[in-house]
$ cat entry_8.cif   # mmCIF, C-alpha atoms and all ligand atoms
data_target
#
loop_
_atom_site.label_atom_id
_atom_site.label_comp_id
_atom_site.auth_asym_id
_atom_site.auth_seq_id
_atom_site.Cartn_x
_atom_site.Cartn_y
_atom_site.Cartn_z
CA MET A 292 2.53 -0.53 -10.48
CA PHE A 293 1.61 -3.90 -8.97
CA ASP A 294 4.58 -5.53 -10.70
CA ASP A 295 6.90 -2.99 -9.04
CA ILE A 296 5.62 -3.36 -5.48
CA ALA A 297 5.37 -7.19 -5.55
CA PRO A 298 8.64 -7.95 -3.64
CA SER A 299 7.78 -5.73 -0.63
CA TYR A 300 3.99 -6.18 -0.80
CA ASP A 301 3.61 -8.59 2.14
CA LEU A 302 5.80 -6.68 4.58
CA MET A 303 4.06 -3.42 3.68
CA ASN A 304 0.67 -5.05 4.26
CA ARG A 305 1.59 -6.34 7.72
CA VAL A 306 3.03 -3.00 8.84
CA MET A 307 0.34 -0.78 7.30
CA THR A 308 -2.54 -2.78 8.83
CA MET A 309 -0.73 -3.33 12.16
CA GLY A 310 -0.83 -7.07 11.59
CA GLN A 311 -4.58 -7.33 11.06
CA ASP A 312 -4.73 -8.14 7.34
CA GLN A 313 -4.47 -11.93 7.63
CA GLY A 314 -7.46 -11.97 10.02
CA TRP A 315 -9.60 -10.27 7.35
CA ARG A 316 -8.48 -12.81 4.76
CA ARG A 317 -9.45 -15.65 7.14
CA PHE A 318 -12.91 -14.06 7.41
CA VAL A 319 -13.11 -13.99 3.58
CA VAL A 320 -12.31 -17.72 3.45
CA GLN A 321 -14.88 -18.46 6.15
CA LYS A 322 -17.58 -16.57 4.22
CA ALA A 323 -16.63 -18.30 0.94
CA GLY A 324 -17.42 -21.64 2.58
CA ASP A 325 -16.43 -25.15 1.57
CA PRO A 326 -16.12 -25.76 -2.20
CA GLY A 327 -16.28 -29.54 -1.63
CA ASN A 328 -14.23 -31.06 -4.43
CA GLY A 329 -15.19 -28.24 -6.82
CA TRP A 330 -13.26 -25.17 -8.01
CA ALA A 331 -12.58 -22.01 -6.00
CA LEU A 332 -11.19 -18.89 -7.71
CA ASP A 333 -9.22 -16.18 -5.92
CA LEU A 334 -9.06 -13.22 -8.27
CA ALA A 335 -6.47 -10.43 -7.98
CA THR A 336 -4.70 -12.98 -5.83
CA GLY A 337 -1.51 -10.89 -5.63
CA THR A 338 1.03 -12.81 -3.57
CA GLY A 339 -1.57 -15.52 -2.98
CA ASP A 340 -2.62 -15.28 0.68
CA ILE A 341 -6.37 -15.83 0.20
CA ALA A 342 -5.85 -18.73 -2.22
CA SER A 343 -3.39 -20.30 0.21
CA LEU A 344 -5.70 -19.97 3.22
CA MET A 345 -8.52 -21.44 1.12
CA GLU A 346 -6.43 -24.43 0.11
CA ARG A 347 -5.33 -25.11 3.71
CA GLN A 348 -8.88 -24.78 5.03
CA HIS A 349 -10.48 -26.95 2.32
CA PRO A 350 -7.79 -29.29 0.91
CA ALA A 351 -10.33 -31.30 -1.12
CA GLY A 352 -11.16 -28.23 -3.25
CA LYS A 353 -9.35 -27.24 -6.42
CA ASN A 354 -7.91 -23.73 -6.18
CA ILE A 355 -6.98 -21.13 -8.77
CA GLY A 356 -5.13 -17.93 -7.85
CA ALA A 357 -5.44 -15.47 -10.74
CA ASP A 358 -3.93 -12.04 -11.32
CA PHE A 359 -2.81 -9.88 -14.25
CA SER A 360 0.53 -8.99 -12.61
CA LEU A 361 3.10 -11.64 -13.48
CA ASN A 362 5.47 -10.45 -10.73
CA MET A 363 2.74 -10.90 -8.13
CA LEU A 364 2.09 -14.42 -9.43
CA LYS A 365 5.82 -15.16 -9.29
CA GLU A 366 5.89 -14.18 -5.58
CA ALA A 367 2.78 -16.28 -4.91
CA LYS A 368 4.31 -19.33 -6.58
CA LYS A 369 7.52 -18.92 -4.57
CA ARG A 370 5.73 -18.43 -1.24
CA PHE A 371 3.32 -21.33 -1.61
CA ALA A 372 5.37 -23.79 -3.68
CA ASP A 373 4.25 -26.60 -1.34
CA GLN A 374 0.55 -26.08 -2.08
CA ALA A 375 -1.55 -27.45 -4.93
CA ILE A 376 -2.77 -24.13 -6.29
CA SER A 377 -2.95 -23.31 -9.98
CA TRP A 378 -1.54 -19.78 -10.50
CA GLN A 379 -2.98 -18.22 -13.65
CA ALA A 380 -2.56 -14.92 -15.48
CA SER A 381 -5.98 -13.43 -16.10
CA ASP A 382 -7.74 -10.10 -16.29
CA ALA A 383 -10.77 -9.72 -14.03
CA THR A 384 -12.56 -7.62 -16.63
CA ARG A 385 -12.52 -10.51 -19.15
CA LEU A 386 -12.26 -13.78 -17.31
CA PRO A 387 -10.98 -16.72 -19.36
CA TYR A 388 -13.39 -19.16 -17.68
CA LYS A 389 -16.64 -20.77 -18.80
CA ASP A 390 -20.04 -19.81 -17.37
CA ASN A 391 -21.04 -21.60 -14.12
CA SER A 392 -17.53 -22.90 -13.30
CA PHE A 393 -16.83 -21.99 -9.64
CA GLU A 394 -18.22 -22.81 -6.20
CA SER A 395 -16.76 -19.55 -4.90
CA VAL A 396 -14.96 -16.46 -6.16
CA THR A 397 -12.99 -14.34 -3.68
CA PHE A 398 -10.98 -11.17 -4.30
CA GLY A 399 -8.98 -8.85 -2.07
CA TYR A 400 -8.44 -5.22 -3.11
CA LEU A 401 -9.54 -5.67 -6.71
CA LEU A 402 -12.62 -3.53 -7.26
CA ARG A 403 -10.99 -0.29 -6.13
CA ASN A 404 -8.57 -0.72 -9.03
CA VAL A 405 -11.01 -1.28 -11.89
CA ASP A 406 -12.92 1.34 -13.89
CA ASP A 407 -16.28 -0.37 -13.72
CA SER A 408 -17.10 -2.42 -10.59
CA LEU A 409 -20.48 -3.46 -11.98
CA GLN A 410 -18.97 -4.93 -15.15
CA VAL A 411 -16.42 -6.95 -13.13
CA LEU A 412 -19.10 -8.18 -10.71
CA LYS A 413 -21.28 -9.29 -13.66
CA GLU A 414 -18.27 -11.16 -15.04
CA ILE A 415 -17.76 -12.87 -11.65
CA HIS A 416 -21.48 -13.69 -11.51
CA ARG A 417 -21.18 -15.30 -14.95
CA VAL A 418 -18.38 -17.71 -13.91
CA LEU A 419 -19.98 -18.70 -10.58
CA LYS A 420 -22.16 -21.80 -10.41
CA PRO A 421 -25.78 -21.27 -9.34
CA GLY A 422 -25.65 -21.18 -5.52
CA GLY A 423 -21.96 -20.15 -5.68
CA ARG A 424 -20.60 -17.57 -3.24
CA VAL A 425 -18.78 -14.29 -3.86
CA VAL A 426 -16.66 -12.55 -1.18
CA CYS A 427 -14.93 -9.20 -1.64
CA LEU A 428 -12.37 -7.58 0.67
CA ASP A 429 -11.44 -3.95 0.04
CA THR A 430 -10.75 -0.63 1.64
CA THR A 431 -13.77 1.59 2.10
CA PRO A 432 -13.94 5.39 2.53
CA PRO A 433 -14.04 6.21 6.28
CA GLU A 434 -17.16 7.83 7.69
CA LYS A 435 -17.00 11.43 8.89
CA ASN A 436 -17.03 10.80 12.65
CA ILE A 437 -14.78 11.83 15.54
CA LEU A 438 -11.98 9.53 14.32
CA TYR A 439 -12.09 10.86 10.76
CA PRO A 440 -9.27 13.46 11.09
CA PHE A 441 -6.88 10.83 12.53
CA ILE A 442 -7.79 8.22 9.92
CA ARG A 443 -7.46 10.81 7.15
CA PHE A 444 -4.05 11.87 8.50
CA TYR A 445 -2.87 8.23 8.53
CA PHE A 446 -4.09 7.66 4.95
CA ARG A 447 -2.79 10.99 3.65
CA PHE A 448 0.65 11.01 5.28
CA GLY A 449 1.30 7.78 7.25
CA ILE A 450 0.70 5.23 4.50
CA PRO A 451 2.64 7.09 1.74
CA LEU A 452 5.54 7.54 4.20
CA LEU A 453 5.56 3.81 5.00
CA GLY A 454 5.40 3.20 1.24
CA ARG A 455 8.50 5.35 0.74
CA PHE A 456 10.56 3.52 3.40
CA ILE A 457 9.33 -0.06 3.03
CA ALA A 458 8.43 -0.32 -0.66
CA SER A 459 10.60 2.55 -1.94
CA ASP A 460 7.44 3.63 -3.77
CA GLU A 461 5.56 6.53 -2.22
CA ALA A 462 3.45 7.04 -5.36
CA ALA A 463 1.95 3.54 -5.27
CA TYR A 464 0.79 4.05 -1.69
CA SER A 465 -0.47 7.59 -2.35
CA TYR A 466 -2.56 5.88 -5.04
CA LEU A 467 -3.95 3.55 -2.34
CA THR A 468 -5.07 6.59 -0.34
CA GLY A 469 -6.63 8.33 -3.34
CA SER A 470 -8.40 5.24 -4.62
CA THR A 471 -9.78 4.46 -1.13
CA MET A 472 -11.19 7.94 -0.61
CA GLY A 473 -12.74 7.88 -4.10
CA PHE A 474 -14.18 4.35 -3.82
CA HIS A 475 -17.84 3.42 -3.29
CA LYS A 476 -19.13 3.60 0.28
CA ALA A 477 -19.93 0.15 1.71
CA GLU A 478 -23.73 0.49 1.24
CA GLU A 479 -23.25 1.75 -2.34
CA LEU A 480 -21.01 -1.21 -3.12
CA ALA A 481 -23.63 -3.60 -1.69
CA ALA A 482 -26.18 -2.05 -4.09
CA ILE A 483 -23.80 -2.69 -7.03
CA PHE A 484 -23.50 -6.36 -5.96
CA ARG A 485 -27.31 -6.61 -6.06
CA LYS A 486 -27.43 -4.89 -9.46
CA ALA A 487 -24.93 -7.46 -10.77
CA GLY A 488 -27.42 -10.19 -9.83
CA PHE A 489 -26.22 -11.37 -6.40
CA THR A 490 -28.64 -12.18 -3.60
CA GLY A 491 -28.18 -12.33 0.19
CA VAL A 492 -25.74 -9.42 -0.08
CA ASP A 493 -24.34 -8.10 3.19
CA TYR A 494 -21.12 -6.66 4.54
CA LYS A 495 -19.03 -6.11 7.65
CA LYS A 496 -16.53 -3.34 8.36
CA PHE A 497 -13.17 -3.64 10.09
CA MET A 498 -10.30 -1.38 11.21
CA MET A 499 -12.32 1.66 12.28
CA GLY A 500 -14.56 1.38 9.21
CA THR A 501 -11.75 1.58 6.65
CA ILE A 502 -12.00 -2.05 5.49
CA GLY A 503 -15.18 -3.66 4.14
CA ILE A 504 -15.93 -7.31 3.42
CA HIS A 505 -18.97 -7.87 1.19
CA TRP A 506 -20.53 -11.22 0.37
CA GLY A 507 -23.44 -12.65 -1.58
CA LYS A 508 -24.45 -15.57 -3.76
CA LYS A 509 -25.67 -16.42 -7.22
CA GLU A 510 -29.30 -17.54 -7.12
CA GLU A 511 -29.78 -21.37 -7.33
C1 LIG B 601 -3.50 -4.77 -3.56
S1 LIG B 601 -3.21 -6.26 -4.45
C2 LIG B 601 -4.15 -7.45 -3.53
C3 LIG B 601 -3.57 -8.83 -3.50
C4 LIG B 601 -4.30 -9.85 -2.66
N1 LIG B 601 -5.64 -10.10 -3.10
C5 LIG B 601 -4.28 -9.55 -1.17
O1 LIG B 601 -5.24 -9.90 -0.49
O2 LIG B 601 -3.30 -9.01 -0.67
C6 LIG B 601 -4.27 -6.00 -5.82
C7 LIG B 601 -4.06 -7.00 -6.92
O3 LIG B 601 -5.06 -6.83 -7.90
C8 LIG B 601 -4.50 -7.12 -9.15
N2 LIG B 601 -5.38 -6.56 -10.18
C9 LIG B 601 -5.78 -5.28 -10.31
N3 LIG B 601 -6.60 -5.17 -11.37
C10 LIG B 601 -6.73 -6.41 -11.90
C11 LIG B 601 -7.44 -6.94 -13.02
N4 LIG B 601 -8.19 -6.18 -13.79
N5 LIG B 601 -7.35 -8.27 -13.26
C12 LIG B 601 -6.58 -9.06 -12.48
N6 LIG B 601 -5.87 -8.63 -11.43
C13 LIG B 601 -5.95 -7.31 -11.14
C14 LIG B 601 -3.11 -6.49 -9.08
O4 LIG B 601 -2.22 -7.00 -10.01
C15 LIG B 601 -2.71 -6.82 -7.62
O5 LIG B 601 -1.98 -8.01 -7.53
#
$ encode --input "entry_8.cif" --output "structure tokens"
Amino acid sequence: MFDDIAPSYDLMNRVMTMGQDQGWRRFVVQKAGDPGNGWALDLATGTGDIASLMERQHPAGKNIGADFSLNMLKEAKKRFADQAISWQASDATRLPYKDNSFESVTFGYLLRNVDDSLQVLKEIHRVLKPGGRVVCLDTTPPEKNILYPFIRFYFRFGIPLLGRFIASDEAAYSYLTGSTMGFHKAEELAAIFRKAGFTGVDYKKFMMGTIGIHWGKKEE
């Protein structure tokens, strides 16, 4: 599915989020902090935006953008050919990196797509250095407040319709709606981060509570 939507992924993102998505990625990079001259990993990097922002913000760091979709990596490589980022094929459930390797691990819209968030977070914990920082951007199920019917309508009908016209793939964007509604609530996800071993876990919501950014660190 991710291979198929790769060519239209960026345009769809900008339209669907009304231009807000890059601001959230900048917040992710800010929370990940400065890797110094160490390694920073952006997992599920897709077309590479977070890895690219990281590299521009902290040029002394060494950046890896990793994903299991080769088409996504191809787009990333094309878009950021001028940047010194190592694009690597890897599966977040079985990371091909040694223990204690990274100063930070970031990931946008990964956990919603895996079967077992805890297992992936433990794997990320394993590859982080002690004191290393984790930052996760994802959609989060909206709360049942006065805005809920409008948000639900947008997710149920608006996003799949945009998917049909922009990405020619209504099914992929219906999947986004389904996987968002069925995903952990922000507080539940924070608890899973703690269970995986992270400390200082906290989160912030954006876009009427439909986007969550969680962060934490591996104990020194
Ligand atoms: C919605 S895209 C997000 C891309 C990017 N992080 C962003 O901010 O736009 C989700 C990405 O996660 C990748 N992905 C999903 N499951 C994965 C896994 N188990 N290992 C590696 N990448 C995965 C997909 O290939 C896809 O590129």
$ residues_near_ligand --input "entry_8.cif" --ligand "ligand LIG 601 (chain B)" --cutoff "6 Å" --atoms "only C-alpha atoms and all ligand atoms" --output "list in words"
Phe293, Ala335, Thr336, Gly337, Asp358, Phe359, Ser360, Met363, Ser381, Asp382, Ala383, Thr384, Phe398, Gly399, Tyr400, Leu401, Asn404 and Val405 of chain A
$ atom_distance --input "entry_8.cif" --atom1 "CA of Phe484 in chain A" --atom2 "CA of Gly507 in chain A"
7.7 Å
$ closest_residue --input "entry_8.cif" --among "A:Arg424, A:Arg316, A:Arg455, A:Arg403" --to "Trp506 in chain A" --atoms "only C-alpha atoms"
A:Arg424
$ closest_residue --input "entry_8.cif" --among "A:Tyr464, A:Glu434, A:Pro326, A:Lys353" --to "Leu452 in chain A" --atoms "only C-alpha atoms"
A:Tyr464
$ closest_residue --input "entry_8.cif" --among "A:Ser408, A:Thr471, A:Asn362, A:Ser392" --to "Cys427 in chain A" --atoms "all atoms listed in the file"
A:Ser408
$ residues_around --input "entry_8.cif" --residues "Ala367 in chain A" --least-positions-apart "3" --cutoff "6 Å" --atoms "only C-alpha atoms" --output "ChimeraX atom specification"
/A:338-339,364,370
$ closest_residue --input "entry_8.cif" --among "A:Ala375, A:Gln311, A:Pro451, A:Ala462" --to "Met499 in chain A" --atoms "only C-alpha atoms"
A:Gln311
$ closest_residue --input "entry_8.cif" --among "A:Leu412, A:Met472, A:Gly503, A:Gly423" --to "Tyr439 in chain A" --atoms "only C-alpha atoms"
A:Met472
$ atom_distance --input "entry_8.cif" --atom1 "CA of Met498 in chain A" --atom2 "CA of Pro432 in chain A"
11.6 Å
$ atom_distance --input "entry_8.cif" --atom1 "CA of Leu480 in chain A" --atom2 "CA of Met303 in chain A"
26.1 Å
$ residues_near_point --input "entry_8.cif" --point "(8.2, 12.1, -0.5)" --cutoff "12 Å" --atoms "all atoms listed in the file" --output "number ranges by chain"
A: 447-456, 459-465
$ closest_residue --input "entry_8.cif" --among "A:Asp373, A:Asp325, A:Glu414, A:Asp429" --to "Asp390 in chain A" --atoms "all atoms listed in the file"
A:Glu414
$ axis_aligned_box --input "entry_8.cif" --around "range 413-422 of chain A" --padding-each-side "8 Å" --output "lines of an AutoDock Vina configuration file"
center_x = -21.8
center_y = -15.5
center_z = -10.3
size_x = 24.0
size_y = 28.5
size_z = 25.5
$ residues_near_point --input "entry_8.cif" --point "(-23.2, -1.2, -5.4)" --cutoff "12 Å" --atoms "only C-alpha atoms" --output "ChimeraX atom specification"
/A:402,407-413,474-489,492-494,505-506
